[in-house]
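Structure first, commentary second.
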Amino acid sequence: FNWKIGEPLPRIEAHTERKLDVIEQYLDVYFDTVTANRHIDVLRITIVDGFCGGGLYQTGSEIRFGSPFVLLKAVERARVRLNKDRHKPLEIAAQFYFSDANPLHMAALLDALKRSEFASLVGDKIILQTGVFEHLLPNVLSEIQQRQRQGRSFFVLDQWGYSDVPVQCLQQIFSSLSKPEAILTFSIDALLNYLREDGTGLKTLRQFGVSNEFVETWHTHKDDDNFARATAQRSIMEALRHNSGAHFFTPFMMYSKI
């Protein structure tokens, strides 16, 4: 996807819509869960979108909100829903970090935010950063630690393929904060296609459980697509679970019909 001010919005694809639906539905459940204790009157949380894009898509004749707006609207929706039956109002003190490595995407997002109901939050509750997520992460973690004692945070890491979020980043998140959660997009197909075409560069791939033995087994069975894919998925997901440092790990798959 490419965003540029003054040019047509990128058309959203089915798998992206499904990912946005997952994030939206998960956050509804998340907020209901973490505020189940009626004695809580302030929920402090930091929400980080490490690959935010330009914020808007085209779908037919309509505009579809991208992840930054999905996250912002999820907080507003929770604020209204959770206060409906409360005698003492619940404040959701949310801080947002939106970043992308492409400055054109960040310019488009800033433009979209300034034309939205969230304009007044930009520069205060909404921090926009242009840069590589891996490089921006240490400072984001430091600011979360300074601002929040518990470090409750929610990371959306919708990377393009499989290598933009090194396992080291996940380790930093889960070791630095006491109550973090993360939704990580990982393209199994992209990694397997790379192995199918090349198979070198194991130094980068070892963090995902891709060893010499893995490559040898993969090449032996790669023509049996179902067996090879299922085996690779199990191996890679287990490596991510073990190496990330997360206490809980729930993998789920999305398949393209095309």
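Each chain in the structure tokens gets a letter, A, B, ..., in the order shown, and its residues are numbered from 1; ligands are numbered from 1 in order too.
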Q: Based on DSSP run over this structure's backbone, return all residues of segment 81-181 of chain A in strand (DSSP E), as number ranges by chain.
A: A: 91-100, 126-130, 153-157, 180-181
Could you save those same residues with C-alpha atoms as a short mmCIF file (atom, residue, chain, number, x, y, z; two decimals), in the first residue's frame?
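The resulting selection_8.cif:
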```
data_model
loop_
_atom_site.label_atom_id
_atom_site.label_comp_id
_atom_site.auth_asym_id
_atom_site.auth_seq_id
_atom_site.Cartn_x
_atom_site.Cartn_y
_atom_site.Cartn_z
CA GLU A 91 -11.34 7.43 32.68
CA ILE A 92 -9.32 5.74 29.93
CA ALA A 93 -6.04 7.64 29.90
CA ALA A 94 -4.65 6.44 26.58
CA GLN A 95 -1.44 7.49 24.88
CA PHE A 96 -0.91 6.54 21.22
CA TYR A 97 2.29 6.06 19.25
CA PHE A 98 1.88 5.74 15.48
CA SER A 99 4.96 5.09 13.37
CA ASP A 100 5.92 4.13 9.84
CA ILE A 126 -1.11 11.03 19.72
CA ILE A 127 2.62 10.88 18.97
CA LEU A 128 3.60 10.45 15.32
CA GLN A 129 7.06 9.09 14.55
CA THR A 130 8.77 8.44 11.23
CA SER A 153 0.33 -1.44 26.78
CA PHE A 154 -1.01 -2.82 23.53
CA PHE A 155 1.21 -3.20 20.44
CA VAL A 156 -0.09 -3.69 16.90
CA LEU A 157 2.82 -4.97 14.80
CA PRO A 180 2.05 -5.71 27.61
CA GLU A 181 0.09 -7.39 24.83
#
```
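If you count only C-alpha atoms and ignore residues fewer than 6 places along the chain from segment 201-217 of chain A, what sits within 7 Å of it is Val167, Ser235, Ile236, Ala239 and Leu240 of chain A.
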Keeping only N, CA and C atoms, write the selected residues to a file as a PDB file, in the first residue's frame.
```
ATOM      1  N   VAL A 167      12.781 -10.892  16.697  1.00  0.00           N
ATOM      2  CA  VAL A 167      12.388 -11.467  17.987  1.00  0.00           C
ATOM      3  C   VAL A 167      12.945 -10.639  19.137  1.00  0.00           C
ATOM      4  N   SER A 235       6.699 -25.262  13.654  1.00  0.00           N
ATOM      5  CA  SER A 235       8.071 -24.984  14.069  1.00  0.00           C
ATOM      6  C   SER A 235       8.289 -23.496  14.320  1.00  0.00           C
ATOM      7  N   ILE A 236       7.807 -22.671  13.391  1.00  0.00           N
ATOM      8  CA  ILE A 236       8.021 -21.229  13.504  1.00  0.00           C
ATOM      9  C   ILE A 236       7.224 -20.650  14.671  1.00  0.00           C
ATOM     10  N   ALA A 239       8.917 -21.476  17.893  1.00  0.00           N
ATOM     11  CA  ALA A 239      10.112 -20.648  18.093  1.00  0.00           C
ATOM     12  C   ALA A 239       9.724 -19.240  18.546  1.00  0.00           C
ATOM     13  N   LEU A 240       8.689 -18.665  17.951  1.00  0.00           N
ATOM     14  CA  LEU A 240       8.239 -17.335  18.355  1.00  0.00           C
ATOM     15  C   LEU A 240       7.746 -17.353  19.802  1.00  0.00           C
TER      16      LEU A 240
END
```
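For the residues A:Ala78, A:Ala112, A:Ala228, A:Leu192, ranking by smallest atom-to-atom distance to Lys4 of chain A using only C-alpha atoms places A:Ala112 first.
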Q: Check the DSSP output for the backbone and give back, as a PyMOL selection string, the residues of segment 168-201 of chain A in helix (DSSP H, G or I).
A: chain A and resi 168-176+188-197
Got time to write the residues from that selection, C-alpha atoms, as an mmCIF file, in the first residue's frame?
```
data_model
loop_
_atom_site.group_PDB
_atom_site.id
_atom_site.type_symbol
_atom_site.label_atom_id
_atom_site.label_comp_id
_atom_site.auth_asym_id
_atom_site.auth_seq_id
_atom_site.Cartn_x
_atom_site.Cartn_y
_atom_site.Cartn_z
ATOM 1 C CA GLN A 168 14.673 -9.153 19.955
ATOM 2 C CA CYS A 169 11.942 -6.489 19.746
ATOM 3 C CA LEU A 170 9.398 -8.858 21.254
ATOM 4 C CA GLN A 171 11.870 -9.749 23.992
ATOM 5 C CA GLN A 172 12.319 -6.056 24.785
ATOM 6 C CA ILE A 173 8.571 -5.494 25.007
ATOM 7 C CA PHE A 174 7.843 -8.464 27.260
ATOM 8 C CA SER A 175 10.865 -8.006 29.505
ATOM 9 C CA SER A 176 10.568 -4.235 29.936
ATOM 10 C CA ILE A 188 4.558 -17.720 6.783
ATOM 11 C CA ASP A 189 4.153 -17.697 2.991
ATOM 12 C CA ALA A 190 6.754 -14.968 2.551
ATOM 13 C CA LEU A 191 9.305 -16.909 4.587
ATOM 14 C CA LEU A 192 8.590 -20.214 2.834
ATOM 15 C CA ASN A 193 8.721 -18.568 -0.594
ATOM 16 C CA TYR A 194 12.127 -17.193 0.348
ATOM 17 C CA LEU A 195 13.317 -20.672 1.310
ATOM 18 C CA ARG A 196 11.838 -22.080 -1.881
ATOM 19 C CA GLU A 197 13.794 -19.619 -4.007
#
```
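For the choices A:Cys52, A:Val29, A:Ala14, A:Met254, the atom-to-atom distance to Ala107 of chain A is smallest for A:Cys52 when using only C-alpha atoms.
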Q.
Could you list, as a PyMOL selection string, every residue within 8 Å of segment 147-149 of chain A, counting only C-alpha atoms and ignoring same-chain residues fewer than 4 positions away?
A. chain A and resi 44-45+143
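Taking only C-alpha atoms into account, Asp32 of chain A lies nearest to A:Leu90 out of the set A:Leu72, A:Val48, A:Leu90, A:Leu9.
Picture a line from atom CA of Glu13 of chain A to atom CA of Arg77 of chain A; it runs 25.0 Å.
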